[in-house]
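File shown here: input-v5.txt, holding compact mmCIF, C-alpha atoms.
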```txt
# COMPACT_ATOMS: atom_id res chain seq x y z
CA MET A 1 -10.20 85.26 145.45
CA ALA A 2 -13.19 86.95 147.02
CA HIS A 3 -14.21 85.80 150.50
CA ILE A 4 -17.72 84.35 150.23
CA ILE A 5 -20.18 85.12 153.04
CA VAL A 6 -23.40 83.10 152.97
CA VAL A 7 -26.38 84.11 155.12
CA GLY A 8 -28.55 81.03 155.48
CA ASN A 9 -31.37 79.56 157.52
CA GLU A 10 -34.18 77.29 156.32
CA LYS A 11 -36.75 79.22 158.37
CA GLY A 12 -38.21 82.56 157.31
CA GLY A 13 -38.49 85.61 159.54
CA SER A 14 -35.12 85.25 161.24
CA GLY A 15 -33.68 88.53 159.95
CA LYS A 16 -31.53 87.19 157.10
CA SER A 17 -32.13 90.12 154.75
CA THR A 18 -31.62 92.72 157.48
CA THR A 19 -28.41 91.00 158.54
CA SER A 20 -27.24 90.67 154.92
CA MET A 21 -27.85 94.33 154.13
CA HIS A 22 -26.18 95.67 157.24
CA VAL A 23 -23.10 93.45 156.96
CA ALA A 24 -22.69 94.15 153.21
CA THR A 25 -23.19 97.91 153.56
CA ALA A 26 -20.91 98.14 156.59
CA LEU A 27 -18.11 96.41 154.67
CA VAL A 28 -18.53 98.82 151.74
CA ARG A 29 -18.47 101.80 154.07
CA MET A 30 -15.19 100.49 155.53
CA GLY A 31 -13.63 100.54 152.06
CA HIS A 32 -14.15 96.97 150.88
CA LYS A 33 -15.64 96.01 147.51
CA VAL A 34 -18.73 93.88 148.08
CA GLY A 35 -20.75 91.91 145.55
CA ALA A 36 -24.24 90.70 146.45
CA LEU A 37 -26.53 87.89 145.31
CA ASP A 38 -30.06 87.00 146.43
CA LEU A 39 -30.96 83.33 145.95
CA ASP A 40 -34.58 83.76 147.01
CA LEU A 41 -35.77 83.98 143.42
CA ARG A 42 -39.40 84.56 144.45
CA GLN A 43 -39.33 87.13 147.27
CA GLN A 44 -35.93 88.77 146.62
CA SER A 45 -36.05 90.65 149.94
CA PHE A 46 -32.30 91.35 149.96
CA GLY A 47 -32.33 92.36 146.31
CA ARG A 48 -35.36 94.60 146.85
CA TYR A 49 -33.58 96.19 149.84
CA ILE A 50 -30.65 97.19 147.62
CA GLU A 51 -32.96 98.32 144.79
CA ASN A 52 -34.85 100.51 147.29
CA ARG A 53 -31.52 102.00 148.33
CA LEU A 54 -30.44 102.87 144.81
CA SER A 55 -33.84 104.37 144.03
CA PHE A 56 -33.81 106.51 147.19
CA LEU A 57 -30.26 107.72 146.53
CA ALA A 58 -31.12 108.67 142.95
CA LYS A 59 -34.20 110.63 143.98
CA SER A 60 -32.44 112.33 146.89
CA GLU A 61 -29.22 112.97 144.95
CA ILE A 62 -27.25 111.54 147.86
CA ASP A 63 -24.11 109.46 147.39
CA LEU A 64 -23.86 106.58 149.86
CA ALA A 65 -21.71 103.46 149.61
CA SER A 66 -23.69 100.47 148.31
CA PRO A 67 -23.03 96.79 147.57
CA ASN A 68 -22.80 95.74 143.92
CA PHE A 69 -25.98 93.69 143.53
CA ARG A 70 -26.41 91.34 140.58
CA GLN A 71 -29.29 89.11 139.56
CA LEU A 72 -28.42 85.48 138.92
CA PRO A 73 -27.68 85.18 135.21
CA GLU A 74 -29.98 83.20 132.96
CA ILE A 75 -28.41 80.11 131.41
CA ASP A 76 -29.52 78.48 128.18
CA GLU A 77 -30.69 75.00 129.17
CA ALA A 78 -29.47 73.71 125.82
CA ALA A 79 -25.93 74.50 126.97
CA ILE A 80 -26.27 72.32 130.08
CA GLY A 81 -24.60 68.92 129.83
CA PRO A 82 -26.30 65.69 130.92
CA ASP A 83 -24.29 65.57 134.16
CA GLU A 84 -24.74 69.27 134.98
CA ASN A 85 -27.39 71.10 137.00
CA LEU A 86 -28.96 74.38 135.84
CA SER A 87 -29.01 75.89 139.35
CA ASP A 88 -25.35 75.02 139.86
CA ARG A 89 -24.37 76.74 136.61
CA ARG A 90 -26.41 79.87 137.40
CA LEU A 91 -24.81 80.25 140.83
CA SER A 92 -21.33 79.54 139.51
CA ALA A 93 -21.80 82.16 136.79
CA GLY A 94 -23.11 84.68 139.32
CA ILE A 95 -20.13 84.18 141.62
CA SER A 96 -17.67 84.35 138.72
CA ALA A 97 -19.16 87.64 137.47
CA LEU A 98 -18.50 89.27 140.85
CA GLU A 99 -15.30 87.60 141.95
CA GLU A 100 -12.72 89.65 140.06
CA THR A 101 -14.11 92.97 141.30
CA SER A 102 -15.02 92.02 144.88
CA ASP A 103 -13.22 91.55 148.18
CA PHE A 104 -16.34 89.92 149.59
CA ILE A 105 -19.38 88.31 147.98
CA LEU A 106 -22.43 88.17 150.22
CA VAL A 107 -25.06 85.58 149.29
CA ASP A 108 -28.50 85.69 150.92
CA CYS A 109 -30.31 82.32 150.85
CA PRO A 110 -34.07 81.68 150.91
CA GLY A 111 -35.87 80.51 154.04
CA SER A 112 -36.33 77.04 152.59
CA HIS A 113 -34.27 74.12 151.33
CA THR A 114 -33.40 74.59 147.66
CA ARG A 115 -30.65 73.35 145.38
CA LEU A 116 -29.28 76.90 145.09
CA SER A 117 -29.11 77.24 148.87
CA GLN A 118 -27.45 73.86 149.27
CA VAL A 119 -24.72 74.67 146.74
CA ALA A 120 -24.21 78.16 148.19
CA HIS A 121 -23.51 76.66 151.62
CA SER A 122 -20.76 74.51 150.12
CA LEU A 123 -19.16 77.68 148.71
CA ALA A 124 -19.23 79.59 152.01
CA ASP A 125 -15.99 80.70 153.63
CA THR A 126 -18.12 82.31 156.34
CA LEU A 127 -21.65 81.10 157.09
CA ILE A 128 -23.96 83.35 159.09
CA THR A 129 -27.13 81.74 160.43
CA PRO A 130 -29.50 84.30 162.01
CA LEU A 131 -31.77 82.69 164.57
CA ASN A 132 -34.70 84.10 166.52
CA ASP A 133 -34.03 83.59 170.20
CA SER A 134 -36.54 80.80 170.81
CA PHE A 135 -36.71 77.02 170.86
CA VAL A 136 -39.00 77.20 167.83
CA ASP A 137 -36.04 78.36 165.74
CA PHE A 138 -33.53 76.29 167.71
CA ASP A 139 -35.37 73.19 166.47
CA LEU A 140 -33.92 73.90 163.04
CA LEU A 141 -30.44 73.22 164.44
CA ALA A 142 -31.16 70.40 166.87
CA ARG A 143 -33.83 68.32 168.53
CA VAL A 144 -34.17 68.88 172.27
CA ASP A 145 -35.87 67.06 175.12
CA GLY A 146 -39.09 68.89 176.02
CA GLU A 147 -38.53 68.58 179.76
CA THR A 148 -34.78 68.90 180.26
CA HIS A 149 -33.95 70.89 177.09
CA LYS A 150 -31.05 68.48 176.60
CA VAL A 151 -29.88 68.29 172.99
CA LEU A 152 -30.85 64.94 171.49
CA GLY A 153 -29.21 65.34 168.09
CA PRO A 154 -28.72 67.59 165.06
CA SER A 155 -31.71 68.58 162.95
CA VAL A 156 -32.23 69.12 159.21
CA TYR A 157 -30.33 72.36 158.73
CA SER A 158 -27.30 71.23 160.75
CA GLU A 159 -27.15 68.07 158.67
CA MET A 160 -27.19 70.15 155.49
CA VAL A 161 -24.29 72.27 156.77
CA TRP A 162 -22.42 69.08 157.67
CA SER A 163 -22.87 67.86 154.08
CA ALA A 164 -21.55 71.19 152.79
CA ARG A 165 -18.50 70.85 155.02
CA GLN A 166 -17.83 67.37 153.67
CA MET A 167 -18.04 68.66 150.09
CA ARG A 168 -15.52 71.40 150.86
CA ALA A 169 -13.16 68.94 152.55
CA LYS A 170 -13.23 66.64 149.50
CA ALA A 171 -12.46 69.63 147.27
CA GLY A 172 -9.50 70.62 149.47
CA LEU A 173 -11.09 73.91 150.54
CA ARG A 174 -10.72 75.50 153.96
CA PRO A 175 -13.43 74.69 156.53
CA ILE A 176 -16.55 76.84 156.83
CA ASP A 177 -16.47 79.33 159.69
CA TRP A 178 -20.05 78.96 160.92
CA ILE A 179 -21.55 81.67 163.14
CA VAL A 180 -25.04 81.40 164.62
CA VAL A 181 -26.40 84.90 165.31
CA ARG A 182 -29.00 85.36 168.03
CA ASN A 183 -31.54 87.87 166.71
CA ARG A 184 -34.52 89.49 168.44
CA LEU A 185 -32.98 89.06 171.86
CA GLY A 186 -35.25 90.23 174.65
CA THR A 187 -34.07 93.20 176.68
CA GLN A 188 -34.79 91.43 179.95
CA GLN A 189 -32.90 88.47 181.41
CA MET A 190 -35.70 85.94 181.02
CA ARG A 191 -35.51 82.21 181.84
CA ASN A 192 -36.18 81.18 178.25
CA LYS A 193 -33.40 83.46 176.99
CA LYS A 194 -30.92 81.75 179.32
CA LYS A 195 -32.12 78.26 178.36
CA VAL A 196 -31.77 78.99 174.66
CA GLY A 197 -28.31 80.45 175.27
CA ASP A 198 -27.17 77.44 177.26
CA ALA A 199 -28.53 75.05 174.62
CA LEU A 200 -26.76 76.97 171.83
CA GLU A 201 -23.43 76.96 173.66
CA GLY A 202 -23.72 73.23 174.27
CA LEU A 203 -24.63 72.51 170.66
CA ALA A 204 -21.86 74.78 169.36
CA LYS A 205 -19.23 72.53 170.91
CA ARG A 206 -20.84 69.41 169.45
CA ILE A 207 -21.33 70.43 165.82
CA GLY A 208 -18.81 73.25 165.44
CA PHE A 209 -20.20 76.75 165.23
CA ARG A 210 -19.62 80.00 167.07
CA VAL A 211 -22.39 82.02 168.73
CA ALA A 212 -22.60 85.78 168.16
CA PRO A 213 -25.04 88.44 169.35
CA GLY A 214 -27.32 89.88 166.69
CA PHE A 215 -30.01 92.55 166.61
CA SER A 216 -32.67 93.21 169.20
CA GLU A 217 -36.28 93.71 168.07
CA ARG A 218 -36.48 97.37 167.00
CA VAL A 219 -39.00 99.39 165.00
CA VAL A 220 -36.20 101.18 163.15
CA PHE A 221 -35.42 98.11 161.01
CA ARG A 222 -38.94 98.09 159.54
CA GLU A 223 -38.67 101.82 158.82
CA LEU A 224 -35.32 101.54 157.00
CA PHE A 225 -36.29 98.93 154.39
CA PRO A 226 -38.54 101.07 152.11
CA ARG A 227 -35.70 103.55 151.55
CA GLY A 228 -32.98 100.91 151.47
CA LEU A 229 -31.13 102.49 154.37
CA THR A 230 -29.13 100.98 157.21
CA LEU A 231 -28.38 102.16 160.72
CA LEU A 232 -25.07 103.56 159.47
CA ASP A 233 -26.77 105.93 156.99
CA LEU A 234 -29.00 107.88 159.37
CA LYS A 235 -26.53 110.68 160.07
CA ASP A 236 -25.65 111.02 156.38
CA ILE A 237 -29.23 111.69 155.32
CA GLY A 238 -29.75 114.40 157.92
CA ALA A 239 -31.95 112.33 160.21
CA GLY A 240 -30.90 114.43 163.17
CA GLY A 241 -29.61 113.15 166.48
CA LEU A 242 -29.81 109.41 166.99
CA ASN A 243 -32.05 108.23 169.80
CA LEU A 244 -30.77 105.78 172.40
CA SER A 245 -32.35 102.81 170.63
CA ASN A 246 -30.58 103.60 167.36
CA VAL A 247 -27.26 104.16 169.13
CA ALA A 248 -27.64 100.77 170.83
CA ALA A 249 -28.50 99.14 167.49
CA ARG A 250 -25.35 100.57 165.87
CA GLN A 251 -23.30 99.09 168.71
CA GLU A 252 -24.98 95.71 168.10
CA LEU A 253 -23.84 95.92 164.48
CA ARG A 254 -20.26 96.70 165.52
CA ASP A 255 -20.29 93.76 167.93
CA LEU A 256 -21.59 91.45 165.20
CA LEU A 257 -18.93 92.55 162.69
CA ARG A 258 -16.17 91.99 165.23
CA ALA A 259 -17.57 88.56 166.08
CA LEU A 260 -17.50 87.54 162.40
CA GLN A 261 -13.69 87.91 162.36
CA LEU A 262 -13.63 88.47 158.60
CA PRO A 263 -10.17 88.58 156.96
CA ASN A 264 -8.53 92.01 156.62
CA VAL A 265 -11.49 93.74 158.27
CA SER A 266 -10.87 96.29 160.99
CA VAL A 267 -14.21 97.52 162.35
CA THR A 268 -14.04 101.31 162.11
CA ILE A 269 -17.69 102.28 161.75
```
Translate the structure described by the file into structure tokens.
Amino acid sequence: MAHIIVVGNEKGGSGKSTTSMHVATALVRMGHKVGALDLDLRQQSFGRYIENRLSFLAKSEIDLASPNFRQLPEIDEAAIGPDENLSDRRLSAGISALEETSDFILVDCPGSHTRLSQVAHSLADTLITPLNDSFVDFDLLARVDGETHKVLGPSVYSEMVWSARQMRAKAGLRPIDWIVVRNRLGTQQMRNKKKVGDALEGLAKRIGFRVAPGFSERVVFRELFPRGLTLLDLKDIGAGGLNLSNVAARQELRDLLRALQLPNVSVTI
């Protein structure tokens, strides 16, 4: 069976689509077959990223490895039983269509709580939660004391993940490997950065996730999206020598892939 990677966070602007695209493309470049689904049916940022890539490659007549992106299939509501849910059937059909031809299926969730997102979390073998490095985003995981920054208890998203874990346990499935990825890390060792890091490490032990470094804030990510490219493609398209920022970003991607500890993946990019 394909290993299902879900990228989820109920807050927008945390870098989910960028993370999804780079992880999916890196796996393909390392020789793995990767299927892709975007559950944000309105914005489709991840889907648009892949569509931009295919369009750019066709116009440039360049052959670069790409994930196999599929739209969620439409389901005739008349075929849905009284105890079934339309969103559940659409997601199940989408996963099934990719499973036989994929080593990994990467599912990008919307930045809001939806039925599709909830069900996708229960299907995750690996859950990646990108998080901007601030207490504004941390509040999605847990409530903290404003003075001491002591964790008071889990918040809405953590409770949703807990429910997904319970569903998997009842179904006899292996536990979710949950990784919280710290995105947009500042380059300087600031007090707030350390406080957020300490709070994350403390919360990780309480509710069961691992913390991994993500991507720093870099202009290059905004420049790559219109052409559907990733950091790994720059040399292949004749972009010339990589500057120090791009070299550092590629290393951040390698570090993230190693931290994910995906099965049968040896990071060789």
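Using only C-alpha atoms, the smallest distance between any of A:Leu262, A:Leu231, A:Ala26, A:Leu98 and Val247 (chain A) comes from A:Leu231.
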Of A:Val7, A:Ala169, A:Leu232, A:Ala212, the one nearest to Leu257 (chain A) when counting all atoms listed in the file is A:Ala212
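Residues near the point (-14.5, 92.1, 160.9), at a distance of 12 Å or less over all atoms listed in the file, make up A:Ile5, A:Val23, A:Ala24, A:Ala26, A:Leu27, A:Met30, A:His32, A:Phe104, A:Thr126, A:Leu253, A:Arg254, A:Asp255, A:Leu256, A:Leu257, A:Arg258, A:Ala259, A:Leu260, A:Gln261, A:Leu262, A:Pro263, A:Asn264, A:Val265, A:Ser266, A:Val267, A:Thr268, A:Ile269.
Across A:Arg184, A:Lys205, A:Arg222, A:His121, the tightest approach to Ser163 (chain A) is made by A:His121 when counting only C-alpha atoms.
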For Gly35 (chain A), the closest of A:Glu61, A:Asp83, A:Glu74, A:Glu99 counting only C-alpha atoms is A:Glu99
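We find CA of Pro130 (chain A) and CA of Ser102 (chain A) to be spaced 23.7 Å apart.
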Enumerate, as a compact mmCIF listing (two decimals) with C-alpha atoms, in the coordinates of the input, the protein, DNA and RNA residues whose atoms approach (-15.3, 88.7, 142.1) to within 10 Å, taking into account all atoms listed in the file and the coordinate frame of the file.
```
# COMPACT_ATOMS: atom_id res chain seq x y z
CA MET A 1 -10.20 85.26 145.45
CA ALA A 2 -13.19 86.95 147.02
CA HIS A 3 -14.21 85.80 150.50
CA ILE A 4 -17.72 84.35 150.23
CA LYS A 33 -15.64 96.01 147.51
CA VAL A 34 -18.73 93.88 148.08
CA GLY A 35 -20.75 91.91 145.55
CA GLY A 94 -23.11 84.68 139.32
CA ILE A 95 -20.13 84.18 141.62
CA SER A 96 -17.67 84.35 138.72
CA ALA A 97 -19.16 87.64 137.47
CA LEU A 98 -18.50 89.27 140.85
CA GLU A 99 -15.30 87.60 141.95
CA GLU A 100 -12.72 89.65 140.06
CA THR A 101 -14.11 92.97 141.30
CA SER A 102 -15.02 92.02 144.88
CA ASP A 103 -13.22 91.55 148.18
CA PHE A 104 -16.34 89.92 149.59
CA ILE A 105 -19.38 88.31 147.98
```
Counting only C-alpha atoms, closest pick from A:Ser60, A:Ser14, A:Arg90, A:Val28 relative to Gly238 (chain A) is A:Ser60
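Closest approach to Asp137 (chain A) from the set A:Ala248, A:Val196, A:Leu57, A:Ala171 is made by A:Val196, with distances taken over all atoms listed in the file.
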Excluding same-chain residues fewer than 3 positions from Leu116 (chain A), what lies within 8 Å of it counting all atoms listed in the file, as a PDB file with C-alpha atoms, keeping the file's coordinate frame?
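Contents of the output file out33.pdb:
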```pdb
ATOM      1  CA  LEU A  39     -30.960  83.330 145.950  1.00  0.00           C
ATOM      2  CA  SER A  87     -29.010  75.890 139.350  1.00  0.00           C
ATOM      3  CA  ASP A  88     -25.350  75.020 139.860  1.00  0.00           C
ATOM      4  CA  LEU A  91     -24.810  80.250 140.830  1.00  0.00           C
ATOM      5  CA  CYS A 109     -30.310  82.320 150.850  1.00  0.00           C
ATOM      6  CA  VAL A 119     -24.720  74.670 146.740  1.00  0.00           C
ATOM      7  CA  ALA A 120     -24.210  78.160 148.190  1.00  0.00           C
TER       8      ALA A 120
END
```
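CA of Arg89 (chain A) is found 7.4 Å from CA of Ile75 (chain A).
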Taking a cut-off of 9 Å and counting all atoms listed in the file, can you build a table that, for each residue of region 226-256 of chain A near region 62-71 of chain A, reports the nearest atom pair and how far apart they are in Å (one decimal), sorted by chain then residue number, as a tab-separated table?
```
residue	atom	partner	partner_atom	distance
A:Asp233	CA	A:Leu64	CA	7.7
A:Asp236	CA	A:Leu64	CA	8.1
A:Ile237	CA	A:Ile62	CA	7.7
```
Since we have the selection now, will you write its residues out, keeping C-alpha atoms, as a PDB file, in the coordinates of the input?
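New file again-v1.pdb:
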```
ATOM      1  CA  ASP A 233     -26.770 105.930 156.990  1.00  0.00           C
ATOM      2  CA  ASP A 236     -25.650 111.020 156.380  1.00  0.00           C
ATOM      3  CA  ILE A 237     -29.230 111.690 155.320  1.00  0.00           C
TER       4      ILE A 237
END
```
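Note that CA of His113 (chain A) and CA of Leu86 (chain A) are 16.4 Å apart.
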